[in-house]
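Scroll down for the structure; my scribbles are underneath it.
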Amino acid sequence: MIKICCIGAGYVGGPTMAVIAQKMPALTVTIVDLNAERIAAWNSEVLPIYEPGLYEIVKASRGKNLFFSTDVKNTIIEADIIFVAVNTPTKNYGIGLGKAADTRYIESVARIIAEVSTGNKIIVEKSTVPVKTAETLKEILTSNNHGAEFQVLSNPEFLAEGTAIQDLINPDRVLIGGDPTPEGKKAIETLAAIYAHWIPREKILTTNLWSSELSKLVANAFLAQRISSINSISALCEKTGADIDEVANAIGKDTRIGSKFLKASIGFGGSCFQKDILNLIYLCEYYALPEVARYWAKVVEMNNWQKQRFSHQIVRTLFSTVANKRIAVYGFAFKKDTNDTRESAAIDVCRSLIEECAEVVIYDPKVTQFQIMECLAQGIGKNGRVQVESCPYHAALQSHAILVLTEWEQFKALDFNRIYNSMQRPAFVFDGRNTLNITELCSIGFRAFGIGKS
Ligand code: UDX
Ligand code: ADP
């Protein structure tokens with residue numbers, strides 16, 4: 001029986017392994033993490049991450065063929081296949097500061113694997129890594145002196161948070177990169193055979209290691225580029241009277257363009273897009289391709305501009321001052337159906353309002369008060385007044401404006417008549433996600449603004 005170990009019980013490792021365990025009851029899957037609190041949560045009734053459908057899948061396999069543990073070394077020793085799903089944040093120090101990926105966690109994992117392994121093992125890079133990371137892994141792994149043999153594969157994860165379970169069950173493709181040697185090909189086949197239990201063979205692509213590693217960065221860069229493109233046009237719509245949703249719908253009907261990922265917003269967030277583009281830029285600079293680097297840098301620049309543009313519009317519209325004004329924020333997660341706040345546009349928007357001495361009152365259906373306060377701690381400074389409310393109606397009470405920063409479905413069902421009646425006059429709504437019906441809000445009496453709507 002094949003034993004799988006996954007190192008890193010986060011947004012990638014947790015859902016991915018839960019689905020593998022569900023689809024292949026004959027495998028034993030153990031997810032390990034250094035963070036004991038996180039592991040305890042995975043073993044409890046309140047999982048550490050919110051993802052629709054995840055709890056049910058975990059519950060069905062947990063204790064049968066799905067296990068969560070802090071015993072990293074012993075799980076590695078027993079495993080045939082080791083997935084590496086640790087975090088690779090952007091470096092915040094030294095060479096490549098603010099651009100390169102910080103690979104220290106990956107490297108430390110490689111060192112532990114090298115130290116304790118015996119026998120043959122397949123090491124699978126699941127985390128997004130800079131191109132050529134597999135080479136580093138291989139080099140570290142060869143320091144093993146217990147006669148262990150390793151095959152390193154790249155198998156990037158393409159799941160999007162909020163839809164992770166359906167993305168894992170029915171992915172557009174699975175990508176597996178490996179060495180073109182007989183041993184490399186055998187390792188690729190072993191992993192492909194696991195996925196083939198529920199994914200059609202034609203969706204399982206095999207490539208060399210470097211193509212696989214690079215494809216992940218490029219996929220995210222292209223997706224983010226679409227958002228920056230539509231967001232750039234949203235600014236033009238606001239000036240000209242064109243409506244961004246109508247423009248997106250019209251261009252999306254062209255099958256060459258396609259209709260997905262054309263939703264104008266206050267900017268993309270999440271742990272991947274910005275990090276991966278910065279990583280791509282760093283790679284291009286490293287390989288002396290400054291023109292390519294500058295091209296992709298514009299995608300991030302546009303995203304930052306969009307967030308700033310939104311904050312400035314709020315201040316300008318509220319008669320150029322938000323000092324001491326209560327502003328209600330609906331949604332703090334970087335998108336709906338997740339409790340993840342990494343790089344959420346809401347962080348930047350809230351920080352800039354706090355800077356302007358506003359009183360910011362935040363409501364999010366899934367993000368905890370602790371997490372919100374931790375995200376904003378840096379920006380609070382001397383002016384800071386932040387409050388977290390567990391009820392959207394309380395958050396809006398006596399406020400001058402509501403900002404919709406995450407497109408949670410439940411916001412559409414709120415009683416906006418009641419909200420309007422509890423607010424200051426004039427009452428404003430700024431919908432950074434075009435989630436609500438602006439015409440309806442205006443008919444109640446709100447002054448309502450949406451991205452790309454004039
Ligand atoms: C992304 C990729 O989609 C996924 O394939 C990869 O594995 C990880 O990175 P994720 O960041 O979880 O997934 O979510 P995604 O749905 O891509 O959204 C990212 C950000 O873009 C969110 O802030 C979202 O609100 C924003 N977005 C998305 C838009 O502003 N407009 C859109 O049309 C789509
Ligand atoms: P992602 O979104 O990529 O899944 P997360 O930060 O949610 O990223 O999860 C990565 C997990 O990897 C964290 O829970 C972290 O504690 C874990 N981790 C990092 N380094 C190690 C390590 N050396 N051994 C075990 N777990 C690790």
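Identifiers in this document derive from the order of the structure tokens: chains are assigned A, B, ..., residues are numbered from 1 separately in each chain, and ligands are numbered from 1 in order of occurrence.
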
Non-local contacts of Val116 in chain A (7 Å; only C-alpha atoms; under 2 positions in same chain excluded) as a PyMOL selection string: chain A and resi 73+77+112-114+118

Saved selection, atoms kept: N, CA, C and O atoms, as an mmCIF file, in the first residue's frame:
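See again-v3.cif below for the written result:
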```cif
data_model
loop_
_atom_site.group_PDB
_atom_site.id
_atom_site.type_symbol
_atom_site.label_atom_id
_atom_site.label_comp_id
_atom_site.auth_asym_id
_atom_site.auth_seq_id
_atom_site.Cartn_x
_atom_site.Cartn_y
_atom_site.Cartn_z
ATOM 1 N N LYS A 73 9.231 13.782 11.121
ATOM 2 C CA LYS A 73 10.304 12.851 10.755
ATOM 3 C C LYS A 73 9.786 11.437 10.519
ATOM 4 O O LYS A 73 10.090 10.812 9.501
ATOM 5 N N ILE A 77 9.817 9.136 7.125
ATOM 6 C CA ILE A 77 10.504 7.830 7.061
ATOM 7 C C ILE A 77 9.592 6.771 6.444
ATOM 8 O O ILE A 77 10.004 5.982 5.594
ATOM 9 N N ILE A 112 15.481 17.950 6.048
ATOM 10 C CA ILE A 112 14.924 16.933 6.959
ATOM 11 C C ILE A 112 14.733 15.615 6.192
ATOM 12 O O ILE A 112 15.078 14.533 6.694
ATOM 13 N N ILE A 113 14.220 15.719 4.973
ATOM 14 C CA ILE A 113 14.004 14.496 4.181
ATOM 15 C C ILE A 113 15.352 13.790 3.972
ATOM 16 O O ILE A 113 15.477 12.567 4.142
ATOM 17 N N ALA A 114 16.366 14.586 3.628
ATOM 18 C CA ALA A 114 17.699 14.004 3.380
ATOM 19 C C ALA A 114 18.244 13.340 4.648
ATOM 20 O O ALA A 114 18.860 12.277 4.595
ATOM 21 N N THR A 118 15.277 6.594 4.287
ATOM 22 C CA THR A 118 15.931 5.376 3.805
ATOM 23 C C THR A 118 15.061 4.889 2.644
ATOM 24 O O THR A 118 13.905 5.258 2.543
#
```

Can you list, as a compact mmCIF listing (two decimals) with N, CA, C and O atoms, in the first residue's frame, all residues belonging to range 205-293 of chain A that DSSP tags as strand (DSSP E)?
```txt
# COMPACT_ATOMS: atom_id res chain seq x y z
N LEU A 205 -1.08 16.19 -17.89
CA LEU A 205 0.00 16.58 -18.78
C LEU A 205 1.34 16.28 -18.13
O LEU A 205 1.51 16.54 -16.93
N THR A 206 2.26 15.76 -18.91
CA THR A 206 3.60 15.55 -18.36
C THR A 206 4.60 16.37 -19.15
O THR A 206 4.50 16.48 -20.37
N THR A 207 5.54 16.96 -18.43
CA THR A 207 6.54 17.84 -19.06
C THR A 207 7.88 17.63 -18.35
O THR A 207 7.96 16.84 -17.41
N ASN A 208 8.87 18.40 -18.79
CA ASN A 208 10.10 18.36 -18.00
C ASN A 208 9.91 19.24 -16.75
O ASN A 208 8.92 19.97 -16.64
```

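The residues sitting within 8 Å of ligand 2, with only C-alpha atoms and all ligand atoms considered, come out as A:Ile7, A:Gly8, A:Ala9, A:Gly10, A:Tyr11, A:Val12, A:Gly13, A:Gly14, A:Val32, A:Asp33, A:Leu34, A:Asn35, A:Arg38, A:Thr70, A:Val72, A:Ala85, A:Val86, A:Asn87, A:Thr88, A:Tyr105, A:Ile106, A:Ser108, A:Val109, A:Ile112, A:Ser127, A:Thr128, A:Ser271.
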
Shell of 6 Å around ligand 1 (only C-alpha atoms and all ligand atoms), written as a ChimeraX atom specification: /A:157-161,220,227,261-265,267-270,272-273,334-335

Which residues come within 9 Å of Ile2 in chain A, counting only C-alpha atoms, excluding same-chain residues fewer than 3 positions away, as a list in words?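 That gives Ala26, Leu27, Thr28, Val29, Ala79, Asp80 and Ile81 of chain A.
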
Preceding selection exported with C-alpha atoms as a PDB file, in the first residue's frame:
```pdb
ATOM      1  CA  ALA A  26      -6.510   2.352  -0.445  1.00  0.00           C
ATOM      2  CA  LEU A  27      -3.798   4.978   0.183  1.00  0.00           C
ATOM      3  CA  THR A  28      -2.715   6.277   3.568  1.00  0.00           C
ATOM      4  CA  VAL A  29      -2.322  10.039   3.548  1.00  0.00           C
ATOM      5  CA  ALA A  79       6.271   7.508   3.192  1.00  0.00           C
ATOM      6  CA  ASP A  80       6.760   6.436  -0.432  1.00  0.00           C
ATOM      7  CA  ILE A  81       5.628   9.771  -1.844  1.00  0.00           C
TER       8      ILE A  81
END
```

Kindly indicate which residue among A:Phe332, A:His394, A:Ile354, A:Ile194 lies nearest to Ile372 in chain A, using only C-alpha atoms for the distances.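 Smallest distance to Ile372 in chain A is found for A:Phe332.
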
I'd like the neighbourhood of range 323-325 of chain A as a PyMOL selection string, where a residue qualifies if any of its atoms comes within 8 Å (using only C-alpha atoms), though same-chain residues fewer than 6 positions away should be ignored. chain A and resi 356-359+399-400

List as JSON lines every residue of range 37-123 of chain A that is in contact with range 163-178 of chain A, defined as an atom at most 8 Å from one of its atoms (using only C-alpha atoms), together with the nearest atom pair and the distance in Å rounded to one decimal, sorted by chain and then rising number.
```
{"residue": "A:Glu51", "atom": "CA", "partner": "A:Ala164", "partner_atom": "CA", "distance": 7.0}
{"residue": "A:Pro52", "atom": "CA", "partner": "A:Thr163", "partner_atom": "CA", "distance": 7.1}
{"residue": "A:Gly53", "atom": "CA", "partner": "A:Ile165", "partner_atom": "CA", "distance": 6.6}
{"residue": "A:Leu54", "atom": "CA", "partner": "A:Ile165", "partner_atom": "CA", "distance": 6.7}
```

Restricting the output to N, CA, C and O atoms, write the selected residues as a short mmCIF file (atom, residue, chain, number, x, y, z; two decimals), in the first residue's frame.
```
data_model
loop_
_atom_site.label_atom_id
_atom_site.label_comp_id
_atom_site.auth_asym_id
_atom_site.auth_seq_id
_atom_site.Cartn_x
_atom_site.Cartn_y
_atom_site.Cartn_z
N GLU A 51 -13.36 26.42 3.61
CA GLU A 51 -13.43 26.13 2.18
C GLU A 51 -14.71 25.31 1.98
O GLU A 51 -14.88 24.27 2.64
N PRO A 52 -15.64 25.76 1.13
CA PRO A 52 -16.89 25.02 0.99
C PRO A 52 -16.65 23.54 0.65
O PRO A 52 -15.86 23.22 -0.24
N GLY A 53 -17.32 22.66 1.39
CA GLY A 53 -17.24 21.21 1.12
C GLY A 53 -16.06 20.51 1.78
O GLY A 53 -16.00 19.27 1.83
N LEU A 54 -15.11 21.27 2.30
CA LEU A 54 -13.89 20.67 2.85
C LEU A 54 -14.17 19.85 4.12
O LEU A 54 -13.69 18.73 4.27
#
```

Any idea what's packed within 8 Å of Glu238 in chain A, counting only C-alpha atoms, ignoring anything in its chain fewer than 4 positions away? Could you give it as a VMD selection string? chain A and resid 234 242 to 243 451 to 454

Have a look at CA of Lys366 in chain A and CA of Thr338 in chain A and let me know their distance in Å, one decimal. 7.1 Å

Who sits within 9 Å of range 436-448 of chain A, only C-alpha atoms, same chain under 5 positions skipped, as a PyMOL selection string: chain A and resi 404+407+411-412+416-417+420+425-431

Please produce a file of the residues just selected, as a compact mmCIF listing (two decimals), in the first residue's frame, where the atoms kept are C-alpha atoms.
```txt
# COMPACT_ATOMS: atom_id res chain seq x y z
CA VAL A 404 -18.18 46.30 -0.06
CA GLU A 407 -18.20 39.70 -2.96
CA PHE A 411 -24.40 40.68 1.19
CA LYS A 412 -26.98 40.58 -1.61
CA PHE A 416 -30.59 47.67 2.69
CA ASN A 417 -33.67 49.71 3.61
CA TYR A 420 -29.99 52.99 5.04
CA ARG A 425 -27.04 61.41 5.77
CA PRO A 426 -26.00 61.45 3.01
CA ALA A 427 -25.42 57.68 3.05
CA PHE A 428 -22.84 56.26 0.64
CA VAL A 429 -22.08 52.78 -0.69
CA PHE A 430 -18.84 52.03 -2.53
CA ASP A 431 -19.03 48.61 -4.09
```

Provide the CA of Ala40 in chain A to CA of Glu374 in chain A distance in Å, to one decimal place. 21.2 Å

Would you mind writing down, as a list in words, each residue of range 45-86 of chain A that DSSP on the backbone assigns to alpha helix (DSSP H)?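 Put together, the selection reads Leu54, Tyr55, Glu56, Ile57, Val58, Lys59, Ala60, Ser61, Val72, Lys73, Asn74, Thr75, Ile76, Ile77 and Glu78 of chain A.
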